[in-house]
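J.: For reference, this is protein-v6.tsv, and it has TSV, C-alpha atoms.
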chain	number	residue	atom	x	y	z
A	3	MET	CA	-7.66	-8.35	2.97
A	4	LYS	CA	-4.39	-8.52	4.88
A	5	GLY	CA	-2.80	-6.46	2.11
A	6	VAL	CA	-5.54	-3.85	2.44
A	7	LYS	CA	-4.86	-3.66	6.18
A	8	ASP	CA	-1.08	-3.41	5.73
A	9	CYS	CA	-1.63	-0.50	3.35
A	10	VAL	CA	-3.48	1.54	5.98
A	11	PRO	CA	-0.38	3.12	7.61
A	12	THR	CA	0.62	4.62	4.26
A	13	LEU	CA	-2.85	5.94	3.49
A	14	LEU	CA	-2.47	9.14	5.47
A	15	GLY	CA	0.84	9.93	3.79
A	16	TYR	CA	-0.75	9.25	0.41
A	17	LEU	CA	-3.85	11.19	1.27
A	18	SER	CA	-1.87	14.30	2.14
A	19	ILE	CA	0.39	14.04	-0.90
A	20	GLY	CA	-2.62	13.26	-3.11
A	21	LEU	CA	-4.44	16.28	-1.72
A	22	ALA	CA	-1.39	18.44	-2.37
A	23	ALA	CA	-1.11	17.01	-5.90
A	24	GLY	CA	-4.78	17.74	-6.51
A	25	VAL	CA	-4.37	21.32	-5.35
A	26	VAL	CA	-1.25	21.84	-7.48
A	27	GLN	CA	-2.84	20.29	-10.59
A	28	LYS	CA	-5.95	22.43	-10.23
A	29	THR	CA	-3.92	25.63	-9.74
A	30	ALA	CA	-1.89	24.63	-12.83
A	31	GLY	CA	-5.13	24.96	-14.78
A	32	LEU	CA	-6.09	21.32	-15.24
A	33	SER	CA	-9.78	20.37	-15.25
A	34	ILE	CA	-11.21	17.88	-12.75
A	35	ALA	CA	-11.62	15.33	-15.57
A	36	GLU	CA	-7.96	15.76	-16.54
A	37	ILE	CA	-6.86	15.37	-12.91
A	38	ALA	CA	-8.97	12.22	-12.59
A	39	LEU	CA	-7.44	10.78	-15.76
A	40	MET	CA	-3.94	11.70	-14.62
A	41	SER	CA	-4.30	10.04	-11.21
A	42	LEU	CA	-5.92	6.94	-12.74
A	43	ILE	CA	-3.62	6.17	-15.68
A	44	LEU	CA	-0.40	7.96	-14.68
A	45	TYR	CA	-0.64	7.21	-10.95
A	46	ALA	CA	2.72	8.62	-9.86
A	47	GLY	CA	2.99	11.55	-7.48
A	48	SER	CA	6.33	12.90	-8.63
A	49	ALA	CA	5.32	12.57	-12.30
A	50	GLN	CA	2.00	14.32	-11.69
A	51	PHE	CA	3.65	17.24	-9.88
A	52	ILE	CA	6.12	17.58	-12.75
A	53	ALA	CA	3.40	17.34	-15.42
A	54	ALA	CA	1.30	19.98	-13.66
A	55	GLY	CA	4.24	22.34	-13.28
A	56	MET	CA	5.38	21.91	-16.88
A	57	ILE	CA	1.87	22.21	-18.34
A	58	ALA	CA	1.45	25.45	-16.39
A	59	ALA	CA	4.74	26.64	-17.89
A	60	SER	CA	3.50	25.56	-21.38
A	61	SER	CA	6.35	23.10	-21.98
A	62	SER	CA	6.15	20.86	-25.03
A	63	PRO	CA	4.56	17.42	-24.56
A	64	THR	CA	7.87	15.78	-25.61
A	65	ALA	CA	9.87	17.65	-22.94
A	66	ILE	CA	7.31	16.73	-20.28
A	67	ILE	CA	7.30	13.04	-21.24
A	68	ILE	CA	11.12	12.79	-21.35
A	69	THR	CA	11.46	14.46	-17.95
A	70	ILE	CA	8.94	12.04	-16.48
A	71	LEU	CA	10.75	9.08	-18.08
A	72	PHE	CA	13.92	10.06	-16.21
A	73	VAL	CA	12.15	10.55	-12.90
A	74	ASN	CA	10.55	7.12	-13.28
A	75	MET	CA	13.80	5.28	-13.97
A	76	ARG	CA	13.99	4.50	-10.28
A	77	HIS	CA	10.95	2.25	-10.72
A	78	LEU	CA	13.22	-0.08	-12.71
A	79	LEU	CA	15.15	-0.67	-9.52
A	80	LEU	CA	12.04	-1.15	-7.35
A	81	SER	CA	10.49	-3.54	-9.84
A	82	ALA	CA	13.77	-5.46	-10.15
A	83	ALA	CA	14.07	-5.73	-6.37
A	84	LEU	CA	10.60	-7.29	-6.13
A	85	SER	CA	11.06	-9.68	-9.05
A	86	PRO	CA	12.60	-12.54	-7.01
A	87	TYR	CA	9.36	-12.77	-5.02
A	88	PHE	CA	7.13	-13.03	-8.08
A	89	ARG	CA	9.18	-15.29	-10.32
A	90	HIS	CA	6.58	-18.04	-10.24
A	91	LEU	CA	3.91	-15.84	-11.87
A	92	SER	CA	2.96	-15.62	-15.56
A	93	PRO	CA	4.00	-12.45	-17.46
A	94	LEU	CA	0.43	-11.16	-17.43
A	95	ARG	CA	0.17	-11.54	-13.68
A	96	ASN	CA	3.54	-9.82	-13.31
A	97	ILE	CA	2.13	-6.91	-15.32
A	98	LEU	CA	-0.78	-6.67	-12.89
A	99	VAL	CA	1.58	-6.63	-9.91
A	100	GLY	CA	3.94	-4.10	-11.49
A	101	SER	CA	1.52	-1.64	-13.02
A	102	LEU	CA	0.44	-0.28	-9.63
A	103	LEU	CA	3.90	-0.30	-8.06
A	104	THR	CA	4.89	2.89	-6.23
A	105	ASP	CA	7.62	3.97	-3.82
A	106	GLU	CA	5.20	3.46	-0.96
A	107	THR	CA	3.68	0.11	-1.88
A	108	PHE	CA	7.21	-1.04	-2.63
A	109	GLY	CA	8.29	0.06	0.84
A	110	VAL	CA	5.46	-1.84	2.50
A	111	ALA	CA	6.08	-4.90	0.32
A	112	ILE	CA	9.81	-5.04	1.00
A	113	ASN	CA	9.03	-4.69	4.68
A	114	GLN	CA	6.82	-7.71	4.33
A	115	THR	CA	9.66	-9.72	2.79
A	116	ALA	CA	11.83	-8.84	5.78
A	117	LYS	CA	9.15	-10.24	8.09
A	118	LYS	CA	7.95	-13.23	6.09
A	119	ASN	CA	10.58	-13.84	3.40
A	120	GLN	CA	7.88	-13.97	0.75
A	121	ILE	CA	4.99	-12.01	-0.71
A	122	ASN	CA	1.58	-13.41	-1.46
A	123	GLU	CA	0.17	-12.25	-4.82
A	124	THR	CA	-3.31	-11.52	-3.44
A	125	TRP	CA	-1.79	-9.58	-0.56
A	126	MET	CA	0.13	-7.48	-3.07
A	127	HIS	CA	-3.03	-6.72	-5.06
A	128	GLY	CA	-4.86	-5.73	-1.87
A	129	LEU	CA	-2.00	-3.38	-1.02
A	130	ASN	CA	-1.80	-1.92	-4.55
A	131	VAL	CA	-5.51	-1.42	-5.13
A	132	THR	CA	-6.05	0.20	-1.73
A	133	ALA	CA	-3.25	2.65	-2.41
A	134	TYR	CA	-4.57	3.29	-5.93
A	135	LEU	CA	-8.13	4.12	-4.88
A	136	ASN	CA	-6.92	6.26	-2.00
A	137	TRP	CA	-4.64	8.17	-4.39
A	138	PHE	CA	-7.48	8.79	-6.85
A	139	LEU	CA	-9.84	10.03	-4.14
A	140	ALA	CA	-7.15	12.25	-2.61
A	141	ASN	CA	-6.40	13.84	-6.00
A	142	ILE	CA	-10.05	14.63	-6.63
A	143	ALA	CA	-10.53	15.92	-3.08
A	144	GLY	CA	-7.46	18.13	-3.49
A	145	ALA	CA	-8.76	19.48	-6.79
A	146	LEU	CA	-12.10	20.34	-5.19
A	147	LEU	CA	-10.37	21.82	-2.17
A	148	ALA	CA	-8.13	24.01	-4.33
A	149	GLN	CA	-10.94	26.48	-4.78
A	150	TRP	CA	-10.96	27.12	-1.02
A	151	ILE	CA	-7.42	26.80	0.32
A	152	SER	CA	-5.16	29.70	-0.54
A	153	ASP	CA	-1.92	28.32	0.94
A	154	PRO	CA	-1.88	24.54	1.55
A	155	GLU	CA	1.71	24.80	2.79
A	156	LYS	CA	0.49	26.06	6.15
A	157	PHE	CA	-0.52	22.54	7.09
A	158	GLY	CA	2.93	21.00	6.85
A	159	LEU	CA	1.74	18.69	4.07
A	160	GLU	CA	4.92	18.96	2.04
A	161	PHE	CA	6.79	17.11	4.78
A	162	ALA	CA	4.46	14.10	4.47
A	163	LEU	CA	6.49	12.66	1.58
A	164	PRO	CA	9.96	12.85	3.24
A	165	ALA	CA	8.47	11.67	6.54
A	166	MET	CA	7.03	8.64	4.79
A	167	PHE	CA	10.36	7.89	3.10
A	168	ILE	CA	12.09	8.18	6.48
A	169	GLY	CA	9.63	5.71	8.01
A	170	ILE	CA	10.08	3.25	5.14
A	171	LEU	CA	13.88	3.49	5.31
A	172	VAL	CA	14.04	2.98	9.08
A	173	LEU	CA	11.56	0.10	9.01
A	174	SER	CA	13.37	-1.71	6.23
A	175	ILE	CA	16.73	-1.36	8.00
A	176	ILE	CA	15.39	-2.51	11.36
A	177	GLY	CA	13.67	-5.51	9.80
A	178	ARG	CA	16.87	-6.96	8.31
A	179	GLY	CA	19.28	-7.33	11.22
A	180	LYS	CA	22.26	-5.98	9.27
A	181	ILE	CA	22.03	-2.55	10.80
A	182	LYS	CA	25.65	-1.34	10.59
A	183	ARG	CA	26.12	-2.33	6.96
A	184	ASP	CA	22.70	-0.99	5.96
A	185	VAL	CA	23.33	2.36	7.65
A	186	ALA	CA	26.71	2.61	5.92
A	187	VAL	CA	25.05	1.93	2.55
A	188	ALA	CA	22.37	4.54	3.30
A	189	VAL	CA	25.00	7.15	4.21
A	190	ILE	CA	26.92	6.44	1.00
A	191	ALA	CA	23.69	6.79	-0.99
A	192	VAL	CA	22.99	10.15	0.68
A	193	VAL	CA	26.47	11.49	-0.06
A	194	ILE	CA	26.37	10.39	-3.70
A	195	ALA	CA	22.81	11.61	-4.22
A	196	VAL	CA	23.66	15.05	-2.90
A	197	ALA	CA	27.02	15.30	-4.69
A	198	SER	CA	25.66	14.10	-8.04
A	199	SER	CA	22.69	16.48	-7.91
A	200	PHE	CA	25.11	19.34	-8.60
A	201	VAL	CA	26.04	17.88	-11.97
A	202	LEU	CA	23.06	15.69	-12.87
A	203	SER	CA	19.29	16.10	-12.68
A	204	SER	CA	17.92	15.03	-9.31
A	205	SER	CA	16.31	11.89	-10.72
A	206	MET	CA	19.57	10.84	-12.42
A	207	GLY	CA	21.27	11.54	-9.09
A	208	ILE	CA	18.93	9.07	-7.40
A	209	ILE	CA	19.68	6.40	-10.01
A	210	VAL	CA	23.46	6.88	-9.80
A	211	ALA	CA	23.40	6.91	-5.99
A	212	THR	CA	21.26	3.78	-5.87
A	213	ILE	CA	23.46	1.85	-8.28
A	214	ILE	CA	26.77	2.79	-6.60
A	215	ALA	CA	25.59	2.39	-2.99
A	216	SER	CA	23.96	-0.99	-3.67
A	217	THR	CA	27.08	-2.18	-5.43
A	218	ILE	CA	29.23	-1.16	-2.46
A	219	GLY	CA	26.84	-2.99	-0.11
A	220	MET	CA	27.01	-6.11	-2.26
A	221	VAL	CA	30.80	-6.07	-2.54
A	222	VAL	CA	31.33	-5.46	1.18
A	223	GLU	CA	28.97	-8.30	2.05
A	224	LYS	CA	30.85	-10.64	-0.28
A	225	TRP	CA	34.22	-9.93	1.31
A	226	ARG	CA	33.18	-10.64	4.86
B	15	MET	CA	-15.09	19.12	-17.30
B	16	GLU	CA	-13.35	18.75	-20.61
B	17	ILE	CA	-10.14	16.99	-21.51
B	18	ARG	CA	-7.90	18.93	-23.86
B	19	TRP	CA	-6.27	16.99	-26.67
B	20	ASP	CA	-2.67	18.04	-25.87
B	21	VAL	CA	-3.14	17.35	-22.15
B	22	PHE	CA	-4.54	13.93	-23.05
B	23	LEU	CA	-1.43	13.19	-25.15
B	24	ILE	CA	0.84	14.28	-22.29
B	25	ILE	CA	-1.00	12.07	-19.81
B	26	VAL	CA	-0.94	9.01	-22.09
B	27	GLY	CA	2.74	9.49	-22.98
B	28	ALA	CA	3.71	10.00	-19.35
B	29	ALA	CA	1.66	6.95	-18.36
B	30	ILE	CA	3.56	4.78	-20.88
B	31	VAL	CA	6.99	5.89	-19.67
B	32	THR	CA	5.81	5.24	-16.12
B	33	PHE	CA	4.33	1.83	-16.89
B	34	ILE	CA	7.36	0.36	-18.67
B	35	PRO	CA	9.96	0.74	-15.88
B	36	ARG	CA	7.41	-0.52	-13.36
B	37	VAL	CA	6.59	-3.68	-15.24
B	38	VAL	CA	9.50	-4.81	-17.42
B	39	PRO	CA	11.95	-5.87	-14.66
B	40	LEU	CA	9.23	-7.88	-12.94
B	41	MET	CA	8.40	-9.67	-16.20
B	42	VAL	CA	11.94	-10.25	-17.42
B	43	LEU	CA	13.80	-10.90	-14.19
B	44	SER	CA	11.23	-13.39	-12.99
B	45	ARG	CA	11.80	-15.44	-16.19
B	46	ILE	CA	15.54	-15.75	-15.77
B	47	GLU	CA	17.45	-16.99	-12.74
B	48	LEU	CA	19.57	-14.23	-11.23
B	49	PRO	CA	23.08	-15.04	-10.00
B	50	GLU	CA	23.66	-14.85	-6.26
B	51	TRP	CA	25.51	-11.53	-6.40
B	52	GLY	CA	22.59	-10.08	-8.36
B	53	MET	CA	20.17	-11.05	-5.64
B	54	ARG	CA	22.48	-9.61	-3.03
B	55	TRP	CA	22.74	-6.38	-5.04
B	56	LEU	CA	18.95	-6.11	-5.27
B	57	ASN	CA	18.79	-6.52	-1.50
B	58	TYR	CA	20.53	-3.18	-1.05
B	59	VAL	CA	18.47	-1.31	-3.65
B	60	PRO	CA	15.53	-0.38	-1.39
B	61	ILE	CA	17.76	1.12	1.27
B	62	SER	CA	19.88	3.03	-1.24
B	63	VAL	CA	16.93	4.41	-3.19
B	64	MET	CA	15.03	5.50	-0.07
B	65	ALA	CA	18.14	7.18	1.40
B	66	ALA	CA	18.79	8.94	-1.91
B	67	LEU	CA	15.17	10.12	-2.18
B	68	ILE	CA	15.19	11.45	1.40
B	69	SER	CA	18.47	13.30	0.95
B	70	GLN	CA	17.25	14.99	-2.20
B	71	GLU	CA	13.96	15.91	-0.56
B	72	ILE	CA	15.53	17.56	2.45
B	73	LEU	CA	19.10	18.51	1.46
B	74	VAL	CA	18.89	19.68	-2.14
B	75	HIS	CA	16.80	22.50	-3.53
B	76	ASP	CA	17.01	23.62	-7.16
B	77	GLY	CA	20.28	21.77	-7.71
B	78	LYS	CA	21.97	23.40	-4.72
B	79	LEU	CA	22.70	22.23	-1.20
B	80	SER	CA	20.17	23.87	1.11
B	81	SER	CA	21.56	26.02	3.86
B	82	LEU	CA	21.99	23.74	6.87
B	83	THR	CA	21.03	26.34	9.47
B	84	ASP	CA	17.86	27.45	7.74
B	85	ASN	CA	16.45	24.11	6.65
B	86	ILE	CA	13.25	23.36	8.55
B	87	GLN	CA	12.82	20.03	6.74
B	88	LEU	CA	16.23	18.88	7.95
B	89	VAL	CA	15.47	19.93	11.53
B	90	ALA	CA	12.10	18.13	11.37
B	91	ALA	CA	13.80	15.04	9.94
B	92	ILE	CA	15.76	14.42	13.14
B	93	PRO	CA	12.81	13.82	15.51
B	94	THR	CA	11.03	12.01	12.66
B	95	PHE	CA	13.93	9.53	12.43
B	96	LEU	CA	13.87	9.02	16.20
B	97	ILE	CA	10.12	8.45	16.22
B	98	ALA	CA	10.46	5.92	13.39
B	99	ILE	CA	13.15	4.00	15.28
B	100	LYS	CA	11.21	4.15	18.54
B	101	THR	CA	7.69	3.32	17.32
B	102	ARG	CA	8.47	1.28	14.19
B	103	SER	CA	5.17	2.53	12.85
B	104	LEU	CA	4.81	4.22	9.48
B	105	LEU	CA	1.57	5.96	10.37
B	106	VAL	CA	2.92	7.45	13.63
B	107	THR	CA	6.09	8.49	11.81
B	108	VAL	CA	4.26	10.34	9.04
B	109	LEU	CA	1.78	11.98	11.45
B	110	SER	CA	4.40	13.18	13.90
B	111	GLY	CA	6.73	14.27	11.09
B	112	VAL	CA	4.04	16.52	9.63
B	113	ILE	CA	3.22	17.89	13.09
B	114	PHE	CA	6.91	18.56	13.90
B	115	PHE	CA	7.27	20.32	10.58
B	116	MET	CA	4.15	22.44	11.08
B	117	PHE	CA	5.29	23.39	14.57
B	118	LEU	CA	8.85	24.21	13.48
B	119	ARG	CA	7.68	26.44	10.67
B	120	TRP	CA	5.38	28.22	13.07
B	121	VAL	CA	8.31	28.74	15.47
B	122	PHE	CA	10.71	29.83	12.70
B	123	THR	CA	8.30	32.43	11.32
B	124	TRP	CA	7.95	33.97	14.77
B	125	VAL	CA	11.64	34.05	15.70
Show this structure as structure tokens.

T.:
Amino acid sequence: MKGVKDCVPTLLGYLSIGLAAGVVQKTAGLSIAEIALMSLILYAGSAQFIAAGMIAASSSPTAIIITILFVNMRHLLLSAALSPYFRHLSPLRNILVGSLLTDETFGVAINQTAKKNQINETWMHGLNVTAYLNWFLANIAGALLAQWISDPEKFGLEFALPAMFIGILVLSIIGRGKIKRDVAVAVIAVVIAVASSFVLSSSMGIIVATIIASTIGMVVEKWR
Amino acid sequence: MEIRWDVFLIIVGAAIVTFIPRVVPLMVLSRIELPEWGMRWLNYVPISVMAALISQEILVHDGKLSSLTDNIQLVAAIPTFLIAIKTRSLLVTVLSGVIFFMFLRWVFTWV
């Protein structure tokens, strides 16, 4: 139950992004059943936006799946970062923890490790399942709403995602007590992410920036 | 209310390539003991990935650097950062960020 409660602050962000995703998917010509299936078994905002856009543009299934694979590479890093806290679990139970992992639940979970130094498995499921159900409902609501709203952008919803990332970043830096070094790593990540996006796809840019900035953080910490 | 066959294939394929990177590191890395530097590296991953995601959301559009003077998201990001530092609350941060953004766009369209 504590995990359910800790998920609440992210629900609004999810709700607005889920609504937006629902609207976009519906306008891309997907049926309600397809949107439901997408939010339930794909369960990834960025991937769903991409799928909707590419289906609307009649891209080939292979192209869509490869693009989504690249965008999701960052989950490797999130999953790896959580692994130390779940090393006592069986592979099956690790699958259960990982299958509902998102940027947001990761952010909340890593915040929890800063506070408590460990994550309880039940807490993690509470967090994940709450986010999952909220995402599903938001997608369906957005799909239903799409018939009525002509321009969802008016409501500032597209800033919900960056605002949530900003909150997660600030909270995870504040919780660790290594503020100067963390801010330096964040700035390096920003510079690399922006610079590499001119030559690479944006999702590859995120991967490259994450790998280099984390390595710099690790090396600097070792030398002090 | 129907599900088209090609859309079904796309959804299942996309779900598989989403599932694997979410699950495999948790399964594999929790079996083997990571060296100390590895753990330290992983400690910096969340901060790096969040910073990279934010910068691409608000600084890059279509593979180009957005114009700094005409970027409402960037302007809205500044008070959003301050609110996050001040309140340390994710909910307040998201709410006020969306409101700042809505307000700024309203102002920018009138100027």

J.: For Ile25 in chain B, work out the shell of residues within 8 Å, counting all atoms listed in the file and skipping chain neighbours fewer than 5 positions away, then give it as a count of residues only.

T.: 4

J.: Using all atoms listed in the file, what does the table of range 24-126 of chain A residues within 12 Å of range 94-114 of chain B look like, with each row giving the shortest atom pair and its distance in Å to one decimal, sorted by chain and ascending number, as a tab-separated table?

T.:
residue	atom	partner	partner_atom	distance
A:Glu106	CA	B:Leu104	CA	10.5
A:Gly109	CA	B:Leu104	CA	10.2
A:Val110	CA	B:Leu104	CA	9.3
A:Asn113	CA	B:Leu104	CA	11.0

J.: Please, could you write that set of residues out with C-alpha atoms as a CSV table (one decimal), in the coordinates of the input?

T.:
chain,number,residue,atom,x,y,z
A,106,GLU,CA,5.2,3.5,-1.0
A,109,GLY,CA,8.3,0.1,0.8
A,110,VAL,CA,5.5,-1.8,2.5
A,113,ASN,CA,9.0,-4.7,4.7

J.: Quick one: pull the distance between CA of Thr29 in chain A and CA of Gln149 in chain A, Å, one decimal.

T.: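 Going from CA of Thr29 in chain A over to CA of Gln149 in chain A, I get 8.6 Å.
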
J.: Determine, counting only C-alpha atoms, which protein, DNA and RNA residues have an atom within 9 Å of an atom of range 115-121 of chain A; residues of the same chain fewer than 4 positions away are not included. Present the result as a list of chain:residue names.

T.: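 Here the qualifying residues turn out to be A:Tyr87, A:Phe88, A:Val110, A:Ala111, A:Trp125, A:Met126, A:Ser174, A:Gly177, A:Arg178.
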
J.: Using all atoms listed in the file, which residues of chain B come within 6 Å of chain A, and what is the closest atom pair for each, with the distance in Å to one decimal? Give it as a tab-separated table, sorted by chain and residue number.

T.:
residue	atom	partner	partner_atom	distance
B:Met15	CA	A:Ala35	CA	5.4
B:Ile17	CA	A:Glu36	CA	5.6
B:Ile24	CA	A:Pro63	CA	5.4
B:Ile25	CA	A:Met40	CA	6.0
B:Ala28	CA	A:Ile67	CA	5.1
B:Ala29	CA	A:Leu44	CA	4.3
B:Val31	CA	A:Leu71	CA	5.2
B:Thr32	CA	A:Asn74	CA	5.8
B:Phe33	CA	A:Ser101	CA	5.9
B:Pro35	CA	A:Leu78	CA	4.6
B:Arg36	CA	A:His77	CA	5.2
B:Val37	CA	A:Gly100	CA	4.6
B:Pro39	CA	A:Ala82	CA	4.9
B:Leu40	CA	A:Ser85	CA	4.7
B:Met41	CA	A:Pro93	CA	5.4
B:Leu43	CA	A:Ser85	CA	6.0
B:Ser44	CA	A:Arg89	CA	3.9
B:Arg54	CA	A:Met220	CA	5.8
B:Trp55	CA	A:Met220	CA	5.1
B:Leu56	CA	A:Ala83	CA	5.0
B:Tyr58	CA	A:Ser216	CA	4.8
B:Val59	CA	A:Ser216	CA	5.5
B:Ser62	CA	A:Thr212	CA	4.9
B:Val63	CA	A:Thr212	CA	5.1
B:Met64	CA	A:Leu171	CA	5.9
B:Ala65	CA	A:Ala188	CA	5.3
B:Ala66	CA	A:Val192	CA	5.1
B:Ile68	CA	A:Pro164	CA	5.7
B:Ser69	CA	A:Val192	CA	5.5
B:Gly77	CA	A:Phe200	CA	5.5
B:Ala98	CA	A:Gly169	CA	5.4
B:Leu104	CA	A:Gly169	CA	5.3
B:Leu105	CA	A:Pro11	CA	4.4
B:Thr107	CA	A:Gly169	CA	5.9
B:Val108	CA	A:Ala165	CA	5.1
B:Gly111	CA	A:Ala165	CA	5.5
B:Val112	CA	A:Gly158	CA	5.4
B:Phe115	CA	A:Gly158	CA	5.8
B:Met116	CA	A:Gly158	CA	4.6

J.: Please, what distance in Å, to one decimal, runs between CA of Leu135 in chain A and CA of Lys28 in chain A?

T.: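 Between CA of Leu135 in chain A and CA of Lys28 in chain A the gap works out to 19.2 Å.
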
J.: At what distance in Å, to one decimal, does CA of Ala59 in chain A lie from CA of Ala23 in chain A?

T.: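 We find that CA of Ala23 in chain A and CA of Ala59 in chain A lie 16.5 Å from each other.
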
J.: Using the file's own x, y and z axes, what box holds all listed atoms of range 76-95 of chain A with 3 Å on each side, keeping edges along x, y and z, and what are its centre and edge lengths in Å to one decimal, as JSON?

T.:
{"center_x": 7.7, "center_y": -6.8, "center_z": -11.2, "size_x": 21.0, "size_y": 28.5, "size_z": 18.4}

J.: Which residue gives the smallest distance to Gly128 in chain A among A:Ala143, A:Met3, A:Val26, A:Met206, with all atoms listed in the file counted?

T.: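 Checking each of A:Ala143, A:Met3, A:Val26, A:Met206 against Gly128 in chain A, counting all atoms listed in the file, the winner is A:Met3.
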
J.: Please determine, counting all atoms listed in the file, which residue among B:Pro60, B:Met53, B:Ile46, B:Val38 has the shortest atom-to-atom distance to Thr107 in chain A.

T.: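 Looking at the shortest contact to Thr107 in chain A, the residue is B:Pro60.
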
J.: For a quick check of understanding, using all atoms listed in the file, which of B:Ile86, B:Leu67, B:Ile92, B:Ile72 has the smallest distance to Leu118 in chain B?

T.: B:Ile86
